[in-house]
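Heads up, target29.txt below (compact mmCIF, C-alpha atoms):
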```txt
# COMPACT_ATOMS: atom_id res chain seq x y z
CA MET A 1 115.94 100.61 -31.91
CA LYS A 2 115.03 97.45 -30.10
CA GLU A 3 117.66 94.83 -29.34
CA THR A 4 115.86 92.28 -31.52
CA ASP A 5 115.76 94.76 -34.40
CA ILE A 6 119.54 95.11 -34.34
CA PHE A 7 120.21 91.45 -35.03
CA ASN A 8 117.72 91.54 -37.92
CA ASP A 9 119.22 94.67 -39.47
CA GLU A 10 121.46 93.50 -42.30
CA SER A 11 123.24 96.87 -42.46
CA LEU A 12 124.66 96.28 -38.99
CA GLN A 13 126.03 92.81 -39.58
CA ASP A 14 129.52 94.04 -40.55
CA ASP A 15 129.65 96.12 -37.37
CA ILE A 16 128.59 93.19 -35.22
CA GLN A 17 131.04 90.83 -36.94
CA ASP A 18 133.86 93.31 -36.36
CA LEU A 19 132.98 93.58 -32.70
CA VAL A 20 132.97 89.79 -32.37
CA ALA A 21 136.30 89.55 -34.22
CA ILE A 22 137.88 92.09 -31.90
CA GLU A 23 136.73 90.28 -28.82
CA GLN A 24 137.68 86.86 -30.09
CA ALA A 25 141.16 88.02 -31.13
CA MET A 26 141.78 89.36 -27.65
CA ILE A 27 140.39 86.25 -26.00
CA ARG A 28 142.56 83.98 -28.13
CA GLN A 29 145.61 85.91 -27.07
CA LYS A 30 144.95 85.24 -23.38
CA TYR A 31 143.00 81.99 -23.55
CA PRO A 32 143.96 80.08 -26.71
CA LEU A 33 141.56 77.29 -27.55
CA PRO A 34 143.41 73.98 -26.99
CA ASN A 35 144.23 71.77 -29.98
CA LEU A 36 141.80 68.90 -29.54
CA ASP A 37 143.80 66.63 -31.87
CA ASP A 38 146.79 66.95 -29.55
CA GLU A 39 144.65 66.08 -26.54
CA LEU A 40 143.20 63.03 -28.31
CA GLU A 41 146.72 61.94 -29.22
CA LYS A 42 147.65 61.94 -25.56
CA ILE A 43 144.76 59.65 -24.66
CA ILE A 44 144.70 57.27 -27.57
CA GLY A 45 148.45 57.18 -28.12
CA LYS A 46 148.27 57.81 -31.86
CA GLU A 47 149.84 60.60 -33.83
CA LYS A 48 146.48 61.83 -35.09
CA VAL A 49 142.89 60.67 -35.16
CA ASP A 50 141.59 60.35 -38.69
CA ALA A 51 137.81 60.36 -38.29
CA GLU A 52 137.18 59.72 -41.97
CA LYS A 53 139.33 56.56 -42.28
CA PRO A 54 137.13 53.41 -42.21
CA VAL A 55 137.98 50.73 -39.66
CA LYS A 56 138.08 47.25 -41.30
CA HIS A 57 137.84 43.81 -39.70
CA GLN A 58 137.97 45.11 -36.15
CA HIS A 59 137.45 42.65 -33.34
CA PRO A 60 134.25 43.40 -31.35
CA ALA A 61 136.34 43.95 -28.21
CA MET A 62 138.51 46.44 -30.08
CA ARG A 63 135.45 48.31 -31.29
CA THR A 64 134.20 48.46 -27.71
CA LEU A 65 137.57 49.76 -26.52
CA MET A 66 137.75 52.31 -29.29
CA GLY A 67 134.22 53.44 -28.52
CA ALA A 68 135.13 53.91 -24.86
CA LEU A 69 138.27 55.84 -25.78
CA MET A 70 136.39 58.04 -28.22
CA GLY A 71 133.73 58.67 -25.57
CA ALA A 72 136.42 59.68 -23.09
CA ALA A 73 137.99 61.94 -25.71
CA ALA A 74 134.65 63.57 -26.40
CA MET A 75 134.14 64.17 -22.67
CA LEU A 76 137.60 65.70 -22.44
CA ALA A 77 136.85 67.94 -25.39
CA ILE A 78 133.66 69.13 -23.68
CA VAL A 79 135.56 69.85 -20.46
CA LEU A 80 138.30 71.74 -22.32
CA VAL A 81 135.81 73.83 -24.30
CA TRP A 82 133.80 74.50 -21.13
CA GLN A 83 136.94 75.68 -19.35
CA TRP A 84 137.74 77.96 -22.30
CA VAL A 85 134.22 79.38 -22.23
CA LYS A 86 134.51 80.00 -18.48
CA ASN A 87 137.74 81.85 -19.04
CA LYS A 88 136.13 83.77 -21.85
CA HIS A 89 133.31 84.88 -19.56
CA ALA A 90 135.79 85.86 -16.88
CA PHE A 91 137.69 87.91 -19.43
CA GLY A 92 134.82 89.92 -20.77
CA GLY A 93 131.70 87.88 -21.47
CA ALA A 94 130.59 85.81 -24.45
CA SER A 95 130.27 87.73 -27.69
CA GLU A 96 126.50 87.37 -27.76
CA ASN A 97 126.12 88.70 -24.22
CA LEU A 98 128.57 91.51 -24.85
CA ILE A 99 126.76 92.65 -27.97
CA ALA A 100 123.33 92.36 -26.37
CA GLN A 101 124.40 94.43 -23.40
CA ASN A 102 125.88 97.15 -25.54
CA VAL A 103 123.60 97.59 -28.54
CA SER A 104 120.20 97.40 -26.86
CA SER A 105 120.08 101.20 -27.05
CA GLU A 106 120.73 103.53 -29.97
CA GLN A 107 124.41 103.76 -29.15
CA GLY A 108 126.42 100.87 -27.76
CA VAL A 109 129.94 100.85 -26.42
CA ALA A 110 132.06 97.77 -25.91
CA ILE A 111 135.23 98.18 -23.88
CA LEU A 112 137.86 95.45 -24.21
CA GLN A 113 141.35 95.15 -22.74
CA THR A 114 144.30 93.44 -24.36
CA THR A 115 146.78 91.50 -22.26
CA ASP A 116 150.55 91.72 -22.09
CA GLY A 117 152.01 90.48 -25.32
CA GLU A 118 152.78 91.45 -28.87
CA MET A 119 150.84 94.00 -30.88
CA ILE A 120 147.62 92.64 -32.39
CA THR A 121 146.54 93.69 -35.89
CA LEU A 122 142.82 93.43 -36.62
CA THR A 123 141.41 93.69 -40.13
CA LEU A 124 137.82 94.94 -40.13
CA SER A 125 135.08 94.22 -42.65
CA ASP A 126 135.81 97.42 -44.59
CA GLY A 127 139.51 96.54 -44.90
CA THR A 128 140.65 98.94 -42.20
CA GLU A 129 143.53 97.69 -40.08
CA VAL A 130 143.51 98.49 -36.37
CA LYS A 131 146.63 97.87 -34.30
CA LEU A 132 146.32 97.18 -30.58
CA ASN A 133 149.32 97.63 -28.31
CA SER A 134 149.75 95.67 -25.11
CA ASN A 135 147.32 96.90 -22.45
CA SER A 136 145.58 99.36 -24.75
CA LYS A 137 141.87 99.90 -24.49
CA ILE A 138 139.50 99.94 -27.44
CA THR A 139 136.05 101.48 -27.41
CA TYR A 140 133.63 100.62 -30.16
CA PRO A 141 130.66 103.01 -30.34
CA HIS A 142 127.82 102.46 -32.79
CA GLN A 143 125.54 105.25 -33.91
CA PHE A 144 122.70 103.15 -35.25
CA LYS A 145 120.53 105.97 -36.54
CA GLY A 146 123.11 107.05 -39.08
CA LYS A 147 124.57 103.56 -39.46
CA GLU A 148 127.93 105.16 -38.74
CA ARG A 149 130.80 103.24 -37.19
CA MET A 150 134.08 104.32 -35.77
CA ILE A 151 136.86 102.67 -33.84
CA HIS A 152 139.42 104.49 -31.80
CA LEU A 153 142.06 103.58 -29.28
CA GLU A 154 142.37 105.54 -26.10
CA GLY A 155 144.97 106.08 -23.47
CA GLU A 156 148.17 107.95 -22.84
CA ALA A 157 150.25 105.65 -25.04
CA PHE A 158 148.04 106.18 -28.07
CA SER A 159 147.89 109.94 -27.46
CA LYS A 160 151.69 110.01 -27.54
CA GLU A 161 151.78 107.89 -30.72
CA LEU A 162 149.55 110.41 -32.44
CA ALA A 163 151.60 113.34 -31.20
CA ASP A 164 154.79 111.73 -32.54
CA LEU A 165 153.36 112.09 -36.04
CA ALA A 166 153.18 115.89 -36.05
CA ASP A 167 154.64 119.16 -34.79
CA ASP A 168 151.29 120.98 -34.54
CA TYR A 169 147.70 119.83 -34.14
CA VAL A 170 144.49 121.21 -35.63
CA CYS A 171 141.09 119.84 -34.58
CA ASP A 172 138.31 120.46 -37.08
CA ALA A 173 135.96 117.66 -35.99
CA PHE A 174 133.21 119.44 -34.08
CA GLY A 175 131.06 116.31 -34.11
CA SER A 176 133.65 114.62 -31.87
CA SER A 177 134.69 117.64 -29.82
CA HIS A 178 132.48 116.71 -26.85
CA ARG A 179 134.41 113.46 -26.36
CA ALA A 180 137.64 113.48 -24.32
CA HIS A 181 139.33 110.99 -26.63
CA ALA A 182 143.01 110.52 -27.39
CA SER A 183 142.59 111.94 -30.90
CA VAL A 184 140.55 114.91 -29.65
CA ALA A 185 142.09 116.04 -26.36
CA GLY A 186 144.82 113.62 -25.26
CA VAL A 187 147.10 114.29 -28.21
CA THR A 188 147.24 118.02 -27.42
CA GLU A 189 149.13 117.48 -24.17
CA PHE A 190 152.03 115.80 -25.99
CA ILE A 191 152.01 118.26 -28.89
CA ARG A 192 152.16 121.14 -26.43
CA ALA A 193 154.88 119.44 -24.35
CA LYS A 194 157.28 119.49 -27.30
CA GLY A 195 156.56 123.12 -28.14
CA GLY A 196 153.85 122.59 -30.76
CA ASN A 197 150.65 124.55 -31.29
CA CYS A 198 147.11 123.23 -30.85
CA ALA A 199 144.35 125.02 -32.74
CA VAL A 200 140.82 124.58 -34.09
CA GLY A 201 140.04 124.52 -37.79
CA TYR A 202 137.72 126.76 -39.78
CA LEU A 203 134.67 124.54 -39.26
CA MET A 204 135.24 124.33 -35.50
CA GLN A 205 135.70 128.09 -35.34
CA LYS A 206 132.42 128.60 -37.19
CA GLU A 207 130.60 126.29 -34.77
CA ILE A 208 132.10 128.09 -31.77
CA ASN A 209 131.18 131.49 -33.17
CA PHE A 210 127.57 130.64 -33.95
CA LEU A 211 126.66 128.38 -31.03
CA GLY A 212 128.85 130.18 -28.51
CA ASN A 213 127.45 133.61 -29.35
CA ALA A 214 123.91 132.28 -29.50
CA VAL A 215 124.12 130.98 -25.94
CA GLU A 216 126.43 133.46 -24.26
CA ASN A 217 125.98 136.70 -26.20
CA PRO A 218 122.82 136.53 -28.35
CA VAL A 219 121.29 139.41 -30.21
CA ARG A 220 117.84 139.75 -28.67
CA PRO A 221 115.06 138.78 -28.76
CA PHE A 222 116.50 135.27 -28.50
CA VAL A 223 114.11 132.39 -29.24
CA ALA A 224 115.03 128.76 -28.57
CA ILE A 225 113.00 125.93 -30.11
CA LEU A 226 113.30 122.42 -28.68
CA GLY A 227 111.65 119.30 -30.05
CA GLY A 228 112.36 115.62 -30.32
CA ALA A 229 111.02 112.62 -28.50
CA LYS A 230 112.14 112.70 -24.87
CA VAL A 231 112.41 115.32 -22.16
CA ALA A 232 115.24 113.29 -20.60
CA ASP A 233 117.43 113.91 -23.66
CA LYS A 234 117.30 117.69 -23.14
CA LEU A 235 117.04 118.17 -19.36
CA ASN A 236 120.11 120.38 -19.04
CA VAL A 237 119.42 122.16 -22.32
CA ILE A 238 115.96 123.25 -21.17
CA ASN A 239 117.31 124.43 -17.82
CA ASN A 240 120.22 126.36 -19.34
CA LEU A 241 118.28 127.93 -22.21
CA LEU A 242 115.55 129.18 -19.90
CA GLU A 243 118.19 131.36 -18.27
CA LYS A 244 119.58 132.57 -21.60
CA CYS A 245 116.65 132.98 -24.00
CA ASP A 246 113.62 135.27 -24.04
CA THR A 247 111.18 132.67 -25.40
CA LEU A 248 111.42 128.88 -25.19
CA ILE A 249 109.26 126.88 -27.59
CA ILE A 250 108.56 123.20 -26.88
CA GLY A 251 107.35 120.78 -29.56
CA GLY A 252 107.73 117.18 -30.64
CA GLY A 253 107.08 114.17 -28.44
CA MET A 254 108.61 115.87 -25.39
CA ALA A 255 105.76 118.41 -25.37
CA PHE A 256 103.28 115.80 -24.13
CA THR A 257 105.14 115.35 -20.85
CA PHE A 258 104.77 119.10 -20.30
CA LEU A 259 101.08 118.93 -21.25
CA LYS A 260 100.46 116.07 -18.83
CA ALA A 261 102.31 118.03 -16.14
CA LYS A 262 99.71 120.75 -16.70
CA GLY A 263 96.96 118.22 -16.04
CA TYR A 264 95.92 117.65 -19.66
CA GLU A 265 94.66 114.33 -21.01
CA ILE A 266 97.23 113.17 -23.59
CA GLY A 267 95.80 109.76 -24.58
CA LYS A 268 98.45 107.31 -25.82
CA SER A 269 100.97 110.06 -26.59
CA LEU A 270 104.62 109.62 -25.72
CA VAL A 271 105.23 110.62 -22.10
CA ASP A 272 108.01 110.41 -19.54
CA ASP A 273 106.17 110.08 -16.24
CA GLU A 274 109.41 110.29 -14.27
CA LYS A 275 109.96 113.82 -15.58
CA LEU A 276 106.56 115.31 -14.76
CA ASP A 277 107.85 117.09 -11.66
CA TYR A 278 110.81 118.40 -13.66
CA CYS A 279 108.45 119.86 -16.28
CA LYS A 280 106.44 121.56 -13.54
CA GLU A 281 109.66 123.04 -12.13
CA MET A 282 110.66 124.36 -15.56
CA MET A 283 107.27 125.97 -16.11
CA GLU A 284 107.51 127.60 -12.68
CA LYS A 285 111.07 128.73 -13.43
CA ALA A 286 109.99 130.35 -16.70
CA GLU A 287 107.25 132.26 -14.91
CA LYS A 288 109.61 133.35 -12.14
CA LEU A 289 112.22 134.57 -14.65
CA GLY A 290 109.60 136.32 -16.76
CA LYS A 291 110.34 134.14 -19.79
CA LYS A 292 107.79 132.86 -22.28
CA LEU A 293 107.48 129.07 -22.43
CA LEU A 294 105.22 128.13 -25.34
CA LEU A 295 103.54 124.71 -25.51
CA PRO A 296 101.23 123.27 -28.21
CA VAL A 297 97.66 124.53 -28.16
CA ASP A 298 96.50 121.91 -30.65
CA THR A 299 97.94 118.66 -31.94
CA THR A 300 97.68 116.29 -34.90
CA ILE A 301 96.57 112.88 -33.64
CA ALA A 302 96.25 109.34 -34.98
CA ALA A 303 95.23 105.94 -33.67
CA SER A 304 98.80 104.65 -33.75
CA PHE A 305 102.34 105.43 -34.85
CA PRO A 306 102.81 104.90 -38.63
CA ASP A 307 104.41 101.58 -39.56
CA PRO A 308 106.47 101.87 -41.68
CA ILE A 309 107.25 105.40 -40.64
CA ASP A 310 106.36 106.93 -44.02
CA ALA A 311 103.12 104.97 -44.47
CA GLU A 312 99.83 106.68 -45.24
CA ILE A 313 98.03 107.55 -42.03
CA GLU A 314 94.62 108.95 -41.12
CA VAL A 315 94.89 111.95 -38.82
CA SER A 316 92.76 114.62 -37.20
CA VAL A 317 93.47 117.79 -35.23
CA VAL A 318 92.22 118.48 -31.70
CA ASP A 319 92.96 120.99 -28.98
CA ALA A 320 95.98 120.02 -26.87
CA ASP A 321 93.81 119.39 -23.81
CA LYS A 322 91.28 117.22 -25.66
CA ILE A 323 93.28 114.26 -26.96
CA PRO A 324 91.06 111.13 -26.83
CA ALA A 325 92.24 108.28 -24.61
CA ASP A 326 92.68 105.94 -27.60
CA MET A 327 94.68 108.40 -29.75
CA GLU A 328 98.22 109.79 -29.70
CA GLY A 329 99.74 113.09 -30.72
CA LEU A 330 102.28 112.89 -33.54
CA ASP A 331 102.72 116.52 -34.66
CA ILE A 332 101.83 120.04 -33.61
CA GLY A 333 98.57 121.37 -35.03
CA PRO A 334 98.04 124.38 -37.35
CA LYS A 335 97.19 126.82 -34.53
CA THR A 336 100.38 125.87 -32.73
CA ALA A 337 102.40 126.21 -35.93
CA ALA A 338 101.04 129.75 -36.38
CA LEU A 339 101.78 130.58 -32.73
CA TYR A 340 105.36 129.40 -33.03
CA ALA A 341 105.91 131.14 -36.38
CA ASP A 342 104.67 134.41 -34.87
CA ALA A 343 107.17 134.08 -31.99
CA VAL A 344 109.99 133.64 -34.50
CA LYS A 345 109.06 136.67 -36.63
CA SER A 346 110.23 139.20 -34.06
CA ALA A 347 113.37 137.27 -33.05
CA LYS A 348 116.94 138.33 -33.82
CA THR A 349 118.52 135.01 -32.82
CA VAL A 350 116.86 131.59 -33.15
CA VAL A 351 118.33 128.25 -32.10
CA TRP A 352 116.40 125.13 -33.10
CA ASN A 353 117.10 121.61 -31.91
CA GLY A 354 114.58 118.82 -32.51
CA PRO A 355 111.65 118.40 -34.95
CA MET A 356 108.05 119.26 -34.09
CA GLY A 357 106.65 115.85 -35.02
CA VAL A 358 107.28 112.70 -37.03
CA PHE A 359 108.75 114.68 -39.92
CA GLU A 360 109.77 111.50 -41.79
CA ASN A 361 106.08 111.01 -42.61
CA PRO A 362 104.68 113.51 -45.16
CA THR A 363 101.36 113.74 -43.32
CA LEU A 364 103.07 114.44 -39.99
CA ALA A 365 105.75 116.81 -41.26
CA LYS A 366 103.52 119.90 -41.47
CA GLY A 367 104.48 121.29 -38.08
CA THR A 368 108.22 120.92 -38.72
CA ILE A 369 107.81 122.45 -42.20
CA ALA A 370 105.91 125.42 -40.73
CA VAL A 371 108.66 126.13 -38.19
CA ALA A 372 111.37 125.71 -40.84
CA GLN A 373 109.51 128.09 -43.14
CA ALA A 374 109.22 130.64 -40.34
CA LEU A 375 113.00 130.48 -39.79
CA ALA A 376 113.62 130.76 -43.53
CA ASP A 377 111.43 133.90 -43.73
CA THR A 378 112.98 135.75 -40.79
CA ASP A 379 115.93 138.12 -40.85
CA ALA A 380 117.22 136.62 -37.60
CA THR A 381 120.39 134.59 -37.23
CA THR A 382 119.07 131.03 -37.43
CA ILE A 383 121.09 128.16 -36.01
CA ILE A 384 120.12 124.50 -36.44
CA GLY A 385 121.54 122.29 -33.71
CA GLY A 386 122.49 119.20 -35.68
CA GLY A 387 121.00 115.71 -35.35
CA ASP A 388 117.36 115.30 -36.39
CA SER A 389 116.92 119.06 -36.79
CA ALA A 390 119.66 119.18 -39.41
CA ALA A 391 118.20 116.10 -41.10
CA ALA A 392 114.78 117.74 -41.17
CA VAL A 393 115.84 121.04 -42.75
CA ASN A 394 117.99 119.22 -45.29
CA GLN A 395 115.29 116.69 -46.14
CA LEU A 396 112.58 119.35 -46.39
CA GLY A 397 114.66 121.69 -48.56
CA PHE A 398 115.36 124.59 -46.17
CA ALA A 399 119.09 124.09 -45.59
CA ASP A 400 120.22 127.00 -47.77
CA LYS A 401 117.89 129.37 -45.91
CA MET A 402 119.56 128.87 -42.50
CA SER A 403 122.47 130.90 -41.15
CA HIS A 404 124.22 127.85 -39.75
CA ILE A 405 123.54 124.11 -39.54
CA SER A 406 125.68 122.44 -36.91
CA THR A 407 127.65 119.34 -37.90
CA GLY A 408 127.45 117.84 -34.40
CA GLY A 409 124.29 116.51 -32.79
CA GLY A 410 125.67 115.54 -29.38
CA ALA A 411 128.29 118.27 -29.43
CA SER A 412 125.77 121.01 -30.21
CA LEU A 413 123.47 119.77 -27.45
CA GLU A 414 126.28 119.92 -24.90
CA PHE A 415 127.19 123.38 -26.15
CA LEU A 416 123.58 124.47 -25.61
CA GLU A 417 123.72 122.94 -22.13
CA GLY A 418 126.55 125.32 -21.36
CA LYS A 419 129.18 122.60 -21.06
CA GLU A 420 132.81 123.05 -22.00
CA LEU A 421 133.73 120.71 -24.86
CA PRO A 422 137.04 118.84 -24.39
CA GLY A 423 138.06 119.40 -28.01
CA VAL A 424 137.53 123.14 -27.64
CA VAL A 425 139.13 123.48 -24.21
CA ALA A 426 142.23 121.57 -25.39
CA ALA A 427 142.98 124.06 -28.17
CA ASP A 428 145.29 127.03 -27.56
CA ASP A 429 143.99 129.06 -30.50
CA LYS A 430 140.21 129.29 -30.76
```

Any chance you could give the structure as structure tokens?
Amino acid sequence: MKETDIFNDESLQDDIQDLVAIEQAMIRQKYPLPNLDDELEKIIGKEKVDAEKPVKHQHPAMRTLMGALMGAAAMLAIVLVWQWVKNKHAFGGASENLIAQNVSSEQGVAILQTTDGEMITLTLSDGTEVKLNSNSKITYPHQFKGKERMIHLEGEAFSKELADLADDYVCDAFGSSHRAHASVAGVTEFIRAKGGNCAVGYLMQKEINFLGNAVENPVRPFVAILGGAKVADKLNVINNLLEKCDTLIIGGGMAFTFLKAKGYEIGKSLVDDEKLDYCKEMMEKAEKLGKKLLLPVDTTIAASFPDPIDAEIEVSVVDADKIPADMEGLDIGPKTAALYADAVKSAKTVVWNGPMGVFENPTLAKGTIAVAQALADTDATTIIGGGDSAAAVNQLGFADKMSHISTGGGASLEFLEGKELPGVVAADDK
């Protein structure tokens, strides 16, 4: 999402207003805006300036004097406001700058620090009250794709506050388990310190069983399917899965970087030129390890990306090495879909993360549907790695045909990378 799109998206206005309110509340605590009436009183010598009261029968000299005094007061007001703004910038930046810096990508994080003083209570647009202790830190992530919002406090003090509420702790939020937050990992230290137990819930256990076994102890043949837009998003996943799986299938927008690395003409297709050498290394690694790395052999192309995304679009299919210079690939072609489906048929374990094309558009969803159908028809254990993959199988009607659909996009990716998740590591019983 572009930065300009964010400010035009009405569904994000509550989030932005909350972020501004948080920052302004903290700024007011440290740098309260001066009362301009009080400052005017000091200059003019009156108890209060009543701007609406008409001045009758004033001597010209008095009007001149009053004009001069009001001019001086206005200048003072400007200086005072300017000083406040300077302090505001020194504290954390103007709200507009802070928002622009943090929401220009799909996920923004604003970090603000309170100052010594009393607890602040903030009421958000949805009625939620958030209490900030002195010197506590607040992070405010936005997940713009799902229009989800969450606010959480971090730090040792907040971890202890949470632990004071319970004797034992159970984490069943796999979607947050890759974040070392107070409510995910920090609280466990204090629960454990007072003799309590820290465990994972049934959902977390299911995620660990499916994803953990798929990566570390799969029933073979093990096929991994990766799609989505960018190679950069799945660098470590590709590297790790090549060592674990028997066949790695690449689709979606990221496939065109691999195709260009092979020397193919890809037209206007999405490409990450900075990752061409990486793609070459991965193809060489697959060959060295004796693993199959399957890339599209044909692709569905169009003159431009559909706008809006579900608009009717004229497409054609060409071989993957024959994409015209003025066209771009937006889905795998039918020969590729058949190739990928055939690879899945003999598999015993399949992990899929990332669609094969622009599945939100009916015309460009055929490749993703073909792969989903192949997974639905196989007897293999089929695991969908959350995020867009989960959205695709749900939207296209294949959800009930899969062995497991992960509830965590980022968490499942990090699991597939081979990383230890803080929420899992922190639990005693898992």

Quick one: residues within 10 Å of Ala380 (chain A), all atoms listed in the file counted, chain neighbours fewer than 5 positions away excluded, as an mmCIF file with C-alpha atoms, keeping the file's coordinate frame?
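out.cif written:
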```
data_model
loop_
_atom_site.group_PDB
_atom_site.id
_atom_site.type_symbol
_atom_site.label_atom_id
_atom_site.label_comp_id
_atom_site.auth_asym_id
_atom_site.auth_seq_id
_atom_site.Cartn_x
_atom_site.Cartn_y
_atom_site.Cartn_z
ATOM 1 C CA VAL A 219 121.290 139.410 -30.210
ATOM 2 C CA ARG A 220 117.840 139.750 -28.670
ATOM 3 C CA PRO A 221 115.060 138.780 -28.760
ATOM 4 C CA PHE A 222 116.500 135.270 -28.500
ATOM 5 C CA VAL A 223 114.110 132.390 -29.240
ATOM 6 C CA VAL A 344 109.990 133.640 -34.500
ATOM 7 C CA LYS A 345 109.060 136.670 -36.630
ATOM 8 C CA SER A 346 110.230 139.200 -34.060
ATOM 9 C CA ALA A 347 113.370 137.270 -33.050
ATOM 10 C CA LYS A 348 116.940 138.330 -33.820
ATOM 11 C CA THR A 349 118.520 135.010 -32.820
ATOM 12 C CA VAL A 350 116.860 131.590 -33.150
ATOM 13 C CA LEU A 375 113.000 130.480 -39.790
ATOM 14 C CA MET A 402 119.560 128.870 -42.500
ATOM 15 C CA SER A 403 122.470 130.900 -41.150
#
```

> From the set A:Pro218, A:Gly423, A:Gly195, A:Gly418, which residue has the shortest atom-to-atom contact distance to Ile238 (chain A), counting only C-alpha atoms?
Replying inline: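 The closest residue to Ile238 (chain A) is A:Gly418.
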
>> Please report the interatomic distance between CA of Asp321 (chain A) and CA of Gly367 (chain A) in Å with one decimal.
In response: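 If I compute the distance from CA of Asp321 (chain A) to CA of Gly367 (chain A), I get 17.9 Å.
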
> Got a sec: who's within 9 Å of Ser176 (chain A), counting only C-alpha atoms, leaving out chain neighbours fewer than 6 positions off, as a ChimeraX atom specification?
Replying inline: /A:184,408,410-411,423

>> To one decimal place in Å, what is the distance between CA of Val237 (chain A) and CA of Lys206 (chain A)?
In response: 20.8 Å
